[in-house]
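*Asks:* Sharing target.txt here; it has compact mmCIF, C-alpha atoms (C1' of nucleotides).
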```txt
# COMPACT_ATOMS: atom_id res chain seq x y z
CA MET N 1 0.00 0.00 0.00
CA SER N 2 1.33 3.42 -0.95
CA LEU N 3 2.17 6.01 1.67
CA LYS N 4 -0.80 8.10 0.54
CA ASP N 5 -3.18 5.19 1.08
CA ARG N 6 -1.65 4.34 4.43
CA ILE N 7 -2.12 7.95 5.54
CA ILE N 8 -5.76 7.90 4.39
CA HIS N 9 -6.53 4.66 6.21
CA GLU N 10 -4.87 5.73 9.42
CA SER N 11 -6.79 9.00 9.18
CA LEU N 12 -10.01 7.00 8.91
CA ARG N 13 -9.14 5.07 12.02
CA GLN N 14 -8.26 8.12 14.07
CA PHE N 15 -10.99 10.42 12.76
CA SER N 16 -13.57 7.75 13.58
CA THR N 17 -12.36 7.51 17.17
CA LYS N 18 -11.15 11.00 18.08
CA GLY N 19 -12.93 13.11 15.51
CA PHE N 20 -11.36 15.61 13.14
CA MET N 21 -10.33 18.45 15.42
CA SER N 22 -8.80 16.32 18.13
CA THR N 23 -6.74 14.22 15.76
CA SER N 24 -3.50 16.02 15.13
CA ILE N 25 -1.39 15.59 12.03
CA SER N 26 1.41 14.36 14.28
CA ASP N 27 -0.83 11.62 15.68
CA ILE N 28 -1.25 10.24 12.18
CA LEU N 29 2.40 10.69 11.23
CA GLU N 30 3.51 8.78 14.29
CA VAL N 31 1.49 5.64 13.52
CA VAL N 32 2.14 5.74 9.79
CA GLY N 33 5.81 6.37 10.43
CA THR N 34 6.43 9.30 8.17
CA SER N 35 6.97 13.05 8.44
CA LYS N 36 5.34 16.37 7.70
CA GLY N 37 6.94 16.41 4.26
CA GLY N 38 5.62 12.97 3.48
CA LEU N 39 2.08 13.99 4.26
CA TYR N 40 2.01 17.50 2.85
CA ASN N 41 3.52 16.15 -0.33
CA HIS N 42 0.20 14.34 -0.94
CA PHE N 43 -2.34 16.64 0.75
CA LYS N 44 -2.19 20.39 0.73
CA SER N 45 -4.04 20.76 4.03
CA LYS N 46 -5.64 18.81 6.86
CA GLU N 47 -9.02 19.57 5.37
CA GLU N 48 -8.03 18.05 2.03
CA LEU N 49 -6.93 14.95 3.93
CA LEU N 50 -10.36 14.77 5.54
CA LEU N 51 -12.05 15.01 2.15
CA ALA N 52 -9.87 12.20 0.81
CA ALA N 53 -10.63 10.13 3.91
CA LEU N 54 -14.36 10.79 3.55
CA SER N 55 -14.23 9.67 -0.06
CA GLU N 56 -12.49 6.45 0.93
CA ALA N 57 -14.96 5.96 3.79
CA ARG N 58 -17.87 6.18 1.38
CA LYS N 59 -16.23 3.58 -0.84
CA ILE N 60 -15.76 1.19 2.09
CA TRP N 61 -19.32 1.94 3.25
CA ARG N 62 -20.69 0.77 -0.10
CA GLN N 63 -18.45 -2.30 -0.22
CA ARG N 64 -19.50 -3.35 3.25
CA ASN N 65 -23.18 -2.54 3.23
CA LEU N 66 -24.32 -3.28 -0.29
CA GLU N 67 -22.61 -6.66 -0.52
CA GLY N 68 -24.99 -9.43 -1.48
CA LEU N 69 -28.01 -7.19 -2.02
CA ASP N 70 -28.11 -7.91 -5.75
CA ARG N 71 -28.51 -11.61 -5.06
CA LEU N 72 -31.89 -10.94 -3.45
CA ALA N 73 -35.02 -10.37 -5.50
CA ARG N 74 -37.43 -8.86 -3.00
CA PRO N 75 -36.73 -5.20 -2.11
CA LEU N 76 -37.63 -5.71 1.54
CA ASP N 77 -35.15 -8.59 1.75
CA LYS N 78 -32.51 -6.26 0.38
CA LEU N 79 -33.33 -3.76 3.10
CA LYS N 80 -33.11 -6.41 5.79
CA LYS N 81 -29.81 -7.62 4.36
CA LEU N 82 -28.58 -4.03 4.41
CA LEU N 83 -29.40 -3.80 8.10
CA GLU N 84 -27.57 -7.04 8.81
CA ASN N 85 -24.57 -5.89 6.78
CA TYR N 86 -24.56 -2.65 8.70
CA ARG N 87 -24.34 -4.60 11.92
CA ASP N 88 -21.99 -7.42 10.92
CA ARG N 89 -19.80 -6.03 8.17
CA TYR N 90 -19.75 -2.29 8.79
CA LEU N 91 -20.07 -1.29 12.45
CA ALA N 92 -18.24 -4.41 13.54
CA ASP N 93 -15.37 -3.56 11.20
CA SER N 94 -12.94 -2.33 13.79
CA GLU N 95 -10.13 -2.44 11.25
CA ASN N 96 -11.22 0.65 9.34
CA PHE N 97 -13.51 2.31 11.85
CA PRO N 98 -12.50 1.31 15.36
CA GLY N 99 -14.45 4.25 16.81
CA GLY N 100 -17.77 3.49 15.15
CA CYS N 101 -19.43 5.18 12.19
CA ILE N 102 -17.18 7.97 11.00
CA PHE N 103 -20.04 9.81 9.31
CA VAL N 104 -22.01 10.07 12.54
CA ALA N 105 -18.94 11.27 14.40
CA LEU N 106 -18.17 13.92 11.81
CA ALA N 107 -21.78 15.01 11.37
CA VAL N 108 -22.06 15.71 15.08
CA GLU N 109 -18.65 17.32 15.40
CA LEU N 110 -18.55 19.50 12.32
CA ASN N 111 -22.10 20.75 12.58
CA ASP N 112 -22.24 24.56 12.98
CA GLN N 113 -18.48 24.64 12.89
CA GLN N 114 -17.37 23.68 9.42
CA PRO N 115 -20.63 23.98 7.47
CA HIS N 116 -19.16 23.02 4.11
CA LEU N 117 -17.75 19.79 5.53
CA ALA N 118 -20.93 19.06 7.48
CA LYS N 119 -22.90 19.54 4.27
CA GLU N 120 -20.72 16.91 2.61
CA VAL N 121 -21.63 14.40 5.32
CA ASN N 122 -25.30 15.36 5.33
CA GLU N 123 -25.56 14.74 1.59
CA GLY N 124 -24.37 11.20 2.20
CA PHE N 125 -27.12 10.80 4.80
CA LEU N 126 -29.68 12.02 2.28
CA ARG N 127 -28.52 9.48 -0.30
CA PHE N 128 -28.70 6.70 2.30
CA LYS N 129 -32.22 7.71 3.30
CA GLY N 130 -33.15 7.86 -0.38
CA LEU N 131 -31.88 4.32 -0.88
CA ILE N 132 -34.01 3.06 1.99
CA GLN N 133 -37.10 4.81 0.69
CA ARG N 134 -36.56 3.51 -2.86
CA LEU N 135 -36.49 -0.06 -1.59
CA LEU N 136 -39.67 0.54 0.43
CA ASP N 137 -41.38 2.14 -2.57
CA GLN N 138 -40.53 -0.85 -4.76
CA GLU N 139 -41.92 -3.18 -2.15
CA LYS N 140 -45.06 -1.12 -1.90
CA GLU N 141 -45.55 -1.03 -5.68
CA ALA N 142 -45.37 -4.81 -5.65
CA GLY N 143 -48.26 -4.69 -3.19
CA ARG N 144 -46.35 -6.32 -0.38
CA LEU N 145 -46.66 -3.57 2.19
CA LYS N 146 -49.76 -2.90 4.21
CA ASN N 147 -52.02 -0.45 2.45
CA ASP N 148 -51.62 2.78 4.32
CA ILE N 149 -47.88 2.71 4.89
CA ASP N 150 -46.11 6.06 4.45
CA THR N 151 -42.80 4.92 2.97
CA GLY N 152 -41.23 8.34 3.57
CA LEU N 153 -42.04 8.13 7.25
CA VAL N 154 -40.80 4.56 7.54
CA ALA N 155 -37.58 5.43 5.70
CA GLU N 156 -37.00 8.34 8.08
CA MET N 157 -37.57 6.06 11.06
CA ILE N 158 -35.32 3.26 9.85
CA PHE N 159 -32.64 5.82 9.08
CA ALA N 160 -32.94 7.44 12.51
CA GLY N 161 -32.99 4.00 14.10
CA ILE N 162 -29.68 3.17 12.43
CA LEU N 163 -28.12 6.49 13.46
CA GLY N 164 -29.33 5.95 16.99
CA ALA N 165 -27.94 2.43 17.05
CA CYS N 166 -24.59 3.87 15.94
CA VAL N 167 -24.53 6.43 18.73
CA ALA N 168 -25.64 3.90 21.32
CA TYR N 169 -23.01 1.42 20.12
CA THR N 170 -20.33 4.11 20.19
CA SER N 171 -21.35 4.99 23.70
CA ASP N 172 -21.87 1.63 25.37
CA LYS N 173 -19.79 -0.61 23.06
CA SER N 174 -22.35 -3.34 23.54
CA ARG N 175 -22.59 -5.73 20.61
CA GLU N 176 -25.59 -7.23 22.33
CA ASN N 177 -27.56 -3.97 22.32
CA LEU N 178 -26.53 -3.34 18.72
CA ASP N 179 -27.87 -6.77 17.77
CA ARG N 180 -31.15 -6.05 19.54
CA ASN N 181 -31.52 -2.71 17.81
CA ILE N 182 -31.00 -4.15 14.35
CA GLN N 183 -33.22 -7.11 15.18
CA GLY N 184 -35.87 -4.67 16.35
CA LEU N 185 -35.73 -2.69 13.12
CA ILE N 186 -36.10 -5.89 11.10
CA ALA N 187 -39.05 -6.89 13.25
CA PHE N 188 -40.58 -3.48 12.62
CA LEU N 189 -40.22 -4.03 8.88
CA ASN N 190 -42.01 -7.35 9.27
CA MET N 191 -44.84 -5.59 11.10
CA ILE N 192 -45.57 -3.31 8.17
CA SER N 193 -45.22 -6.09 5.61
CA ARG N 194 -47.98 -8.51 4.68
CA MET Z 1 -27.88 35.89 37.03
CA SER Z 2 -24.48 35.48 38.66
CA LEU Z 3 -21.31 35.39 36.63
CA LYS Z 4 -20.87 31.72 37.46
CA ASP Z 5 -24.31 30.90 36.13
CA ARG Z 6 -23.78 33.02 33.04
CA ILE Z 7 -20.53 31.16 32.33
CA ILE Z 8 -22.27 27.80 32.76
CA HIS Z 9 -25.12 28.70 30.45
CA GLU Z 10 -22.87 30.10 27.76
CA SER Z 11 -20.76 26.94 28.07
CA LEU Z 12 -23.90 24.88 27.48
CA ARG Z 13 -24.67 26.85 24.35
CA GLN Z 14 -21.18 26.57 22.93
CA PHE Z 15 -20.48 22.96 23.99
CA SER Z 16 -23.76 21.91 22.37
CA THR Z 17 -22.78 23.50 19.07
CA LYS Z 18 -19.01 23.20 18.85
CA GLY Z 19 -18.31 20.42 21.30
CA PHE Z 20 -15.92 20.47 24.23
CA MET Z 21 -12.52 20.42 22.57
CA SER Z 22 -13.28 23.02 19.94
CA THR Z 23 -14.76 25.50 22.37
CA SER Z 24 -11.93 27.56 23.82
CA ILE Z 25 -12.10 29.27 27.17
CA SER Z 26 -11.61 32.55 25.32
CA ASP Z 27 -14.70 31.87 23.19
CA ILE Z 28 -16.80 31.70 26.33
CA LEU Z 29 -15.11 34.68 28.01
CA GLU Z 30 -15.76 36.84 24.97
CA VAL Z 31 -19.53 36.28 24.93
CA VAL Z 32 -19.96 36.41 28.69
CA GLY Z 33 -17.78 39.50 28.85
CA THR Z 34 -15.38 38.49 31.56
CA SER Z 35 -11.76 37.44 31.89
CA LYS Z 36 -9.63 34.45 32.72
CA GLY Z 37 -9.60 35.43 36.37
CA GLY Z 38 -13.36 35.70 36.47
CA LEU Z 39 -13.72 32.18 35.16
CA TYR Z 40 -10.91 30.42 36.99
CA ASN Z 41 -12.16 31.96 40.20
CA HIS Z 42 -15.22 29.73 39.91
CA PHE Z 43 -13.83 26.65 38.11
CA LYS Z 44 -10.42 25.18 38.66
CA SER Z 45 -10.15 23.75 35.14
CA LYS Z 46 -11.96 23.50 31.83
CA GLU Z 47 -12.95 19.97 32.75
CA GLU Z 48 -14.58 21.12 35.98
CA LEU Z 49 -16.50 23.67 33.93
CA LEU Z 50 -17.73 20.85 31.71
CA LEU Z 51 -18.89 18.85 34.72
CA ALA Z 52 -20.78 21.86 36.06
CA ALA Z 53 -22.33 22.43 32.64
CA LEU Z 54 -23.31 18.75 32.41
CA SER Z 55 -24.97 18.94 35.79
CA GLU Z 56 -26.96 21.99 34.75
CA ALA Z 57 -27.83 20.31 31.43
CA ARG Z 58 -29.29 17.33 33.30
CA LYS Z 59 -31.37 19.68 35.42
CA ILE Z 60 -32.74 21.44 32.35
CA TRP Z 61 -33.31 18.05 30.67
CA ARG Z 62 -35.55 16.95 33.53
CA GLN Z 63 -37.41 20.26 33.67
CA ARG Z 64 -38.11 20.17 29.97
CA ASN Z 65 -38.87 16.51 29.42
CA LEU Z 66 -40.65 15.40 32.56
CA GLU Z 67 -43.05 18.35 32.68
CA GLY Z 68 -46.67 17.30 32.83
CA LEU Z 69 -45.99 13.57 33.10
CA ASP Z 70 -47.37 13.34 36.61
CA ARG Z 71 -50.73 14.65 35.41
CA LEU Z 72 -51.17 11.52 33.30
CA ALA Z 73 -52.33 8.23 34.77
CA ARG Z 74 -51.47 5.72 32.08
CA PRO Z 75 -47.76 4.88 31.77
CA LEU Z 76 -47.88 4.73 27.98
CA ASP Z 77 -49.40 8.20 27.90
CA LYS Z 78 -46.51 9.39 30.02
CA LEU Z 79 -44.09 7.92 27.52
CA LYS Z 80 -45.86 9.59 24.61
CA LYS Z 81 -45.88 12.89 26.46
CA LEU Z 82 -42.15 12.45 27.10
CA LEU Z 83 -41.56 12.04 23.37
CA GLU Z 84 -43.60 15.17 22.63
CA ASN Z 85 -41.76 17.13 25.30
CA TYR Z 86 -38.49 15.97 23.83
CA ARG Z 87 -39.51 17.38 20.48
CA ASP Z 88 -41.27 20.58 21.54
CA ARG Z 89 -39.68 21.63 24.79
CA TYR Z 90 -36.19 20.14 24.67
CA LEU Z 91 -34.72 19.84 21.17
CA ALA Z 92 -36.56 22.95 20.05
CA ASP Z 93 -35.09 24.89 22.96
CA SER Z 94 -32.49 26.83 21.02
CA GLU Z 95 -31.94 29.12 23.98
CA ASN Z 96 -30.01 26.58 26.04
CA PHE Z 97 -28.96 24.09 23.38
CA PRO Z 98 -28.75 25.84 20.01
CA GLY Z 99 -26.63 23.01 18.62
CA GLY Z 100 -28.97 20.17 19.54
CA CYS Z 101 -28.73 17.62 22.34
CA ILE Z 102 -25.54 18.31 24.26
CA PHE Z 103 -25.38 14.74 25.59
CA VAL Z 104 -25.32 13.24 22.12
CA ALA Z 105 -22.65 15.70 21.04
CA LEU Z 106 -20.47 14.95 24.05
CA ALA Z 107 -21.05 11.19 23.93
CA VAL Z 108 -19.80 11.06 20.35
CA GLU Z 109 -16.93 13.46 20.89
CA LEU Z 110 -15.55 12.26 24.19
CA ASN Z 111 -15.82 8.58 23.44
CA ASP Z 112 -12.39 6.87 23.39
CA GLN Z 113 -10.80 10.17 24.25
CA GLN Z 114 -11.89 11.18 27.72
CA PRO Z 115 -13.31 7.90 29.05
CA HIS Z 116 -14.21 9.22 32.49
CA LEU Z 117 -16.24 12.05 30.98
CA ALA Z 118 -17.82 9.77 28.38
CA LYS Z 119 -18.82 7.43 31.18
CA GLU Z 120 -20.61 10.30 32.89
CA VAL Z 121 -22.69 10.88 29.77
CA ASN Z 122 -23.30 7.18 29.19
CA GLU Z 123 -24.68 6.77 32.70
CA GLY Z 124 -27.26 9.43 31.89
CA PHE Z 125 -28.22 7.44 28.81
CA LEU Z 126 -28.65 4.32 30.92
CA ARG Z 127 -30.94 6.14 33.34
CA PHE Z 128 -33.01 7.48 30.44
CA LYS Z 129 -33.33 4.01 28.92
CA GLY Z 130 -34.28 2.68 32.35
CA LEU Z 131 -37.03 5.27 32.66
CA ILE Z 132 -38.47 4.25 29.29
CA GLN Z 133 -38.40 0.57 30.20
CA ARG Z 134 -40.02 1.19 33.58
CA LEU Z 135 -42.95 2.95 31.93
CA LEU Z 136 -43.31 0.09 29.45
CA ASP Z 137 -43.16 -2.49 32.23
CA GLN Z 138 -45.88 -0.71 34.17
CA GLU Z 139 -48.06 -0.63 31.07
CA LYS Z 140 -47.44 -4.31 30.51
CA GLU Z 141 -48.26 -5.24 34.10
CA ALA Z 142 -51.56 -3.44 33.64
CA GLY Z 143 -52.16 -5.81 30.73
CA ARG Z 144 -52.31 -3.06 28.15
CA LEU Z 145 -49.48 -4.21 25.90
CA LYS Z 146 -49.74 -7.04 23.42
CA ASN Z 147 -48.81 -10.31 25.02
CA ASP Z 148 -45.38 -11.12 23.66
CA ILE Z 149 -43.84 -7.67 23.80
CA ASP Z 150 -40.21 -7.57 24.95
CA THR Z 151 -40.16 -4.31 26.90
CA GLY Z 152 -36.36 -4.29 27.03
CA LEU Z 153 -36.18 -4.49 23.26
CA VAL Z 154 -38.81 -1.80 22.78
CA ALA Z 155 -37.08 0.48 25.28
CA GLU Z 156 -33.79 0.02 23.44
CA MET Z 157 -35.48 0.87 20.14
CA ILE Z 158 -37.32 3.93 21.41
CA PHE Z 159 -34.09 5.13 22.98
CA ALA Z 160 -32.11 4.59 19.78
CA GLY Z 161 -34.89 6.21 17.80
CA ILE Z 162 -34.63 9.32 19.95
CA LEU Z 163 -30.84 9.40 19.65
CA GLY Z 164 -31.13 9.00 15.90
CA ALA Z 165 -33.70 11.76 15.68
CA CYS Z 166 -31.27 13.99 17.58
CA VAL Z 167 -28.42 13.29 15.19
CA ALA Z 168 -30.64 13.70 12.14
CA TYR Z 169 -32.02 16.97 13.50
CA THR Z 170 -28.52 18.22 14.28
CA SER Z 171 -27.46 17.37 10.77
CA ASP Z 172 -30.37 18.56 8.64
CA LYS Z 173 -31.98 21.09 11.00
CA SER Z 174 -35.38 20.03 9.71
CA ARG Z 175 -38.17 20.49 12.23
CA GLU Z 176 -40.40 18.65 9.79
CA ASN Z 177 -38.27 15.49 9.84
CA LEU Z 178 -37.99 15.70 13.61
CA ASP Z 179 -41.78 15.87 13.87
CA ARG Z 180 -42.12 12.84 11.62
CA ASN Z 181 -39.61 10.86 13.64
CA ILE Z 182 -41.36 11.52 16.94
CA GLN Z 183 -44.74 10.90 15.34
CA GLY Z 184 -43.39 7.62 13.99
CA LEU Z 185 -42.18 6.52 17.43
CA ILE Z 186 -45.59 7.31 18.93
CA ALA Z 187 -47.27 5.35 16.14
CA PHE Z 188 -44.95 2.46 16.91
CA LEU Z 189 -46.00 2.56 20.55
CA ASN Z 190 -49.64 2.44 19.41
CA MET Z 191 -48.85 -0.62 17.32
CA ILE Z 192 -47.66 -2.61 20.32
CA SER Z 193 -50.49 -1.43 22.57
CA ARG Z 194 -53.92 -2.95 22.66
C1' DA W 1 -23.55 56.44 60.06
C1' DA W 2 -18.79 56.29 59.01
C1' DA W 3 -14.55 53.94 58.98
C1' DT W 4 -12.03 50.01 58.17
C1' DA W 5 -10.26 45.34 57.74
C1' DG W 6 -10.44 41.10 55.34
C1' DA W 7 -12.26 38.10 51.98
C1' DA W 8 -13.97 37.21 47.69
C1' DA W 9 -14.36 38.46 42.85
C1' DC W 10 -12.29 39.90 38.91
C1' DC W 11 -8.69 41.58 35.52
C1' DG W 12 -5.22 40.72 32.03
C1' DA W 13 -0.29 39.99 31.08
C1' DC W 14 2.21 36.07 30.77
C1' DC W 15 4.03 31.07 30.50
C1' DG W 16 4.85 26.56 28.56
C1' DG W 17 3.11 23.70 25.30
C1' DT W 18 0.74 22.12 20.95
C1' DC W 19 -1.26 22.96 16.71
C1' DT W 20 -1.09 23.47 11.39
C1' DG W 21 1.47 24.57 7.74
C1' DT W 22 6.10 26.14 5.28
C1' DC W 23 10.64 25.67 3.68
C1' DT W 24 15.08 23.94 2.83
C1' DG W 25 17.70 20.09 2.26
C1' DT W 26 18.31 15.11 1.38
C1' DT W 27 17.08 10.67 -0.52
C1' DT W 28 14.85 7.77 -3.76
C1' DT W 29 13.16 6.70 -8.25
C1' DG W 30 12.38 6.47 -13.19
C1' DC M 1 20.27 13.65 -13.85
C1' DA M 2 15.86 15.58 -13.27
C1' DA M 3 11.77 15.13 -10.73
C1' DA M 4 9.18 13.32 -7.30
C1' DA M 5 9.09 11.77 -2.46
C1' DC M 6 10.38 12.30 2.03
C1' DA M 7 12.75 14.29 6.42
C1' DG M 8 12.63 17.55 9.99
C1' DA M 9 13.73 22.31 11.69
C1' DC M 10 11.12 26.24 12.02
C1' DA M 11 7.43 29.93 12.09
C1' DG M 12 3.28 31.88 13.72
C1' DA M 13 -1.02 31.32 15.96
C1' DC M 14 -3.65 29.66 19.64
C1' DC M 15 -4.49 26.80 23.63
C1' DG M 16 -5.30 26.05 28.91
C1' DG M 17 -3.82 27.61 33.02
C1' DT M 18 -1.14 30.77 36.53
C1' DC M 19 -0.30 34.76 39.15
C1' DG M 20 0.25 39.32 41.06
C1' DG M 21 -2.47 43.33 41.29
C1' DT M 22 -6.95 45.80 41.67
C1' DT M 23 -11.70 46.36 42.62
C1' DT M 24 -15.94 45.18 45.02
C1' DC M 25 -18.48 43.33 48.62
C1' DT M 26 -19.39 42.25 53.60
C1' DA M 27 -19.08 42.45 58.33
C1' DT M 28 -17.45 44.44 62.40
C1' DT M 29 -16.23 48.33 65.15
C1' DT M 30 -16.48 52.97 66.64
```
Using structure tokens, write down the structure from this file.
*Replies:*
Amino acid sequence: MSLKDRIIHESLRQFSTKGFMSTSISDILEVVGTSKGGLYNHFKSKEELLLAALSEARKIWRQRNLEGLDRLARPLDKLKKLLENYRDRYLADSENFPGGCIFVALAVELNDQQPHLAKEVNEGFLRFKGLIQRLLDQEKEAGRLKNDIDTGLVAEMIFAGILGACVAYTSDKSRENLDRNIQGLIAFLNMISR
Amino acid sequence: MSLKDRIIHESLRQFSTKGFMSTSISDILEVVGTSKGGLYNHFKSKEELLLAALSEARKIWRQRNLEGLDRLARPLDKLKKLLENYRDRYLADSENFPGGCIFVALAVELNDQQPHLAKEVNEGFLRFKGLIQRLLDQEKEAGRLKNDIDTGLVAEMIFAGILGACVAYTSDKSRENLDRNIQGLIAFLNMISR
DNA sequence: AAATAGAAACCGACCGGTCTGTCTGTTTTG
DNA sequence: CAAAACAGACAGACCGGTCGGTTTCTATTT
């Protein structure tokens, strides 16, 4: 792995645990084993490093969470699989994100402080919520949801449920509670399905 | 209001928006209109200021969220009222917490970084979750929940749903989405009630 | 009521340390 | 041998916290 990639991945690890502001350039240099010159040769500022790390994080997010969805036919099954992936392959991935979901951490930290960076994160949230709603809409069009289900509302709730599970998991580090939360969301999906 | 109280309240405002680390003592001094001496006369360190602010935040949390609960007889009604309070009287209170829920912000930020402070916040979360579960248990004992409801699971989900709504609201600032999330949680409670 | 002593509150210059980012010089690579 | 990659000393800004000096408040005495 190139130095640039090693810097990006170590940034992911540290940003996800300590956040952006409290991770110093030196912290990253120390673990990677390089120097100021080695880093600033690839990134012109700390902010540019964050953008590169965010881009890589999104790539990993897709790899981890969308895996296996195309093998399922029913949209609701895809959504359930997504929830399971989120639990087993994403949040549990302590290699890349030892501190939990990096997007949640950055969204909370950068809010009102670095609006242009917070916007970047928020747009990712919107896309995620859109994906959830699209799957629900497809399921509804196929007539497999109860009649009066508001897919927008359900999408918002599933999304918030996932965010909440992230925060709770970050806070209490309990795999057991995380499992229950995801299991609960899946059960909720079953309740609105026929 | 005394200088000490003014410092605490301004700390609440700034910690809730910018977090602990990124709020400098000088930031607070500037708005309050005092000096280093004025602050360090009342608090022996920035961390002690945070603890005082957290204590005040908990007090405000109770005032805002528990108001009116004792006028309701049915436990599930209390829980619904709590959710409405959370939306209307707590998260919408931009006077004390312009940046959203200060506990969520601190839980995410201080995690893995200041464990003893994070623990403080996490204990508050546990008490909140306990309160939710107690209300659900009372409702179940009265025979007003569907038979096979796991109150621990439901409490975990409602709690995570609230946390998620906080993060989403912090990120997109949409009162409309916040309303939908709370409305959705109340609807969910109706689904498991008979 | 006036004077005064002592404590508490407050001010702001200052200190050591850490931060990001720059710059010059050296090493590696194609 | 030129250009890219890397090393590390350095600059400039800002941080939390200290400390001696000044003001303000309070209580006691005359």
*Asks:* Where does chain N meet chain Z within 8 Å, residue by residue, with the nearest atom pair and distance in Å to one decimal for each, counting all atoms listed in the file, listed by chain and rising number, as JSON lines?
*Replies:*
```
{"residue": "N:Thr17", "atom": "CA", "partner": "Z:Asp112", "partner_atom": "CA", "distance": 6.3}
{"residue": "N:Lys18", "atom": "CA", "partner": "Z:Gln113", "partner_atom": "CA", "distance": 6.2}
{"residue": "N:Gly19", "atom": "CA", "partner": "Z:Glu109", "partner_atom": "CA", "distance": 6.7}
{"residue": "N:Met21", "atom": "CA", "partner": "Z:Ser22", "partner_atom": "CA", "distance": 7.1}
{"residue": "N:Ser22", "atom": "CA", "partner": "Z:Met21", "partner_atom": "CA", "distance": 7.1}
{"residue": "N:Gly99", "atom": "CA", "partner": "Z:Asp112", "partner_atom": "CA", "distance": 7.4}
{"residue": "N:Val104", "atom": "CA", "partner": "Z:Val167", "partner_atom": "CA", "distance": 7.6}
{"residue": "N:Ala105", "atom": "CA", "partner": "Z:Val108", "partner_atom": "CA", "distance": 6.0}
{"residue": "N:Ala107", "atom": "CA", "partner": "Z:Ser171", "partner_atom": "CA", "distance": 6.2}
{"residue": "N:Val108", "atom": "CA", "partner": "Z:Ala105", "partner_atom": "CA", "distance": 6.0}
{"residue": "N:Glu109", "atom": "CA", "partner": "Z:Gly19", "partner_atom": "CA", "distance": 6.7}
{"residue": "N:Leu110", "atom": "CA", "partner": "Z:Lys18", "partner_atom": "CA", "distance": 7.5}
{"residue": "N:Asn111", "atom": "CA", "partner": "Z:Ser171", "partner_atom": "CA", "distance": 6.6}
{"residue": "N:Asp112", "atom": "CA", "partner": "Z:Thr17", "partner_atom": "CA", "distance": 6.2}
{"residue": "N:Gln113", "atom": "CA", "partner": "Z:Lys18", "partner_atom": "CA", "distance": 6.2}
{"residue": "N:Ala118", "atom": "CA", "partner": "Z:Ser171", "partner_atom": "CA", "distance": 7.5}
{"residue": "N:Asn122", "atom": "CA", "partner": "Z:Ser171", "partner_atom": "CA", "distance": 6.2}
{"residue": "N:Leu153", "atom": "CA", "partner": "Z:Arg180", "partner_atom": "CA", "distance": 6.4}
{"residue": "N:Val154", "atom": "CA", "partner": "Z:Gly184", "partner_atom": "CA", "distance": 7.6}
{"residue": "N:Glu156", "atom": "CA", "partner": "Z:Asn181", "partner_atom": "CA", "distance": 6.6}
{"residue": "N:Met157", "atom": "CA", "partner": "Z:Asn181", "partner_atom": "CA", "distance": 5.8}
{"residue": "N:Phe159", "atom": "CA", "partner": "Z:Gly164", "partner_atom": "CA", "distance": 7.7}
{"residue": "N:Ala160", "atom": "CA", "partner": "Z:Gly164", "partner_atom": "CA", "distance": 4.1}
{"residue": "N:Gly161", "atom": "CA", "partner": "Z:Gly161", "partner_atom": "CA", "distance": 4.7}
{"residue": "N:Ile162", "atom": "CA", "partner": "Z:Gly164", "partner_atom": "CA", "distance": 6.9}
{"residue": "N:Leu163", "atom": "CA", "partner": "Z:Gly164", "partner_atom": "CA", "distance": 4.6}
{"residue": "N:Gly164", "atom": "CA", "partner": "Z:Gly164", "partner_atom": "CA", "distance": 3.7}
{"residue": "N:Ala165", "atom": "CA", "partner": "Z:Ala160", "partner_atom": "CA", "distance": 5.4}
{"residue": "N:Val167", "atom": "CA", "partner": "Z:Val108", "partner_atom": "CA", "distance": 6.8}
{"residue": "N:Ala168", "atom": "CA", "partner": "Z:Ala160", "partner_atom": "CA", "distance": 6.7}
{"residue": "N:Thr170", "atom": "CA", "partner": "Z:Val108", "partner_atom": "CA", "distance": 7.0}
{"residue": "N:Ser171", "atom": "CA", "partner": "Z:Ala107", "partner_atom": "CA", "distance": 6.2}
{"residue": "N:Asp172", "atom": "CA", "partner": "Z:Asn122", "partner_atom": "CA", "distance": 6.9}
{"residue": "N:Asn177", "atom": "CA", "partner": "Z:Glu156", "partner_atom": "CA", "distance": 7.5}
{"residue": "N:Arg180", "atom": "CA", "partner": "Z:Leu153", "partner_atom": "CA", "distance": 6.4}
{"residue": "N:Asn181", "atom": "CA", "partner": "Z:Met157", "partner_atom": "CA", "distance": 5.8}
{"residue": "N:Gly184", "atom": "CA", "partner": "Z:Met157", "partner_atom": "CA", "distance": 6.7}
{"residue": "N:Leu185", "atom": "CA", "partner": "Z:Met157", "partner_atom": "CA", "distance": 7.9}
```
*Asks:* Using all atoms listed in the file, which chain N residues lie at most 9 Å away from chain M, written as a CSV table (one decimal) with C-alpha atoms, in the frame of the given file?
*Replies:*
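Dumped everything to result.csv:
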```csv
chain,number,residue,atom,x,y,z
N,34,THR,CA,6.4,9.3,8.2
N,35,SER,CA,7.0,13.0,8.4
N,36,LYS,CA,5.3,16.4,7.7
N,37,GLY,CA,6.9,16.4,4.3
N,38,GLY,CA,5.6,13.0,3.5
N,39,LEU,CA,2.1,14.0,4.3
N,41,ASN,CA,3.5,16.2,-0.3
```
*Asks:* Could you please select, counting all atoms listed in the file, the residues of chain W within 9 Å of chain N and state them as a list in words?
*Replies:*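 On the chain W side, the interface is DC19, DT20 and DG21 of chain W.
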*Asks:* Between atom CA of Ile7 of chain Z and atom CA of Ile28 of chain Z, what is the distance in Å, rounded to a tenth?
*Replies:* 7.1 Å
*Asks:* Box in all listed atoms of segment 73-86 of chain N, axis-aligned, with 5 Å more on each side; write out centre and edge lengths in Å to one decimal as JSON.
*Replies:*
```
{"center_x": -31.1, "center_y": -6.5, "center_z": 1.7, "size_x": 23.1, "size_y": 17.7, "size_z": 24.3}
```
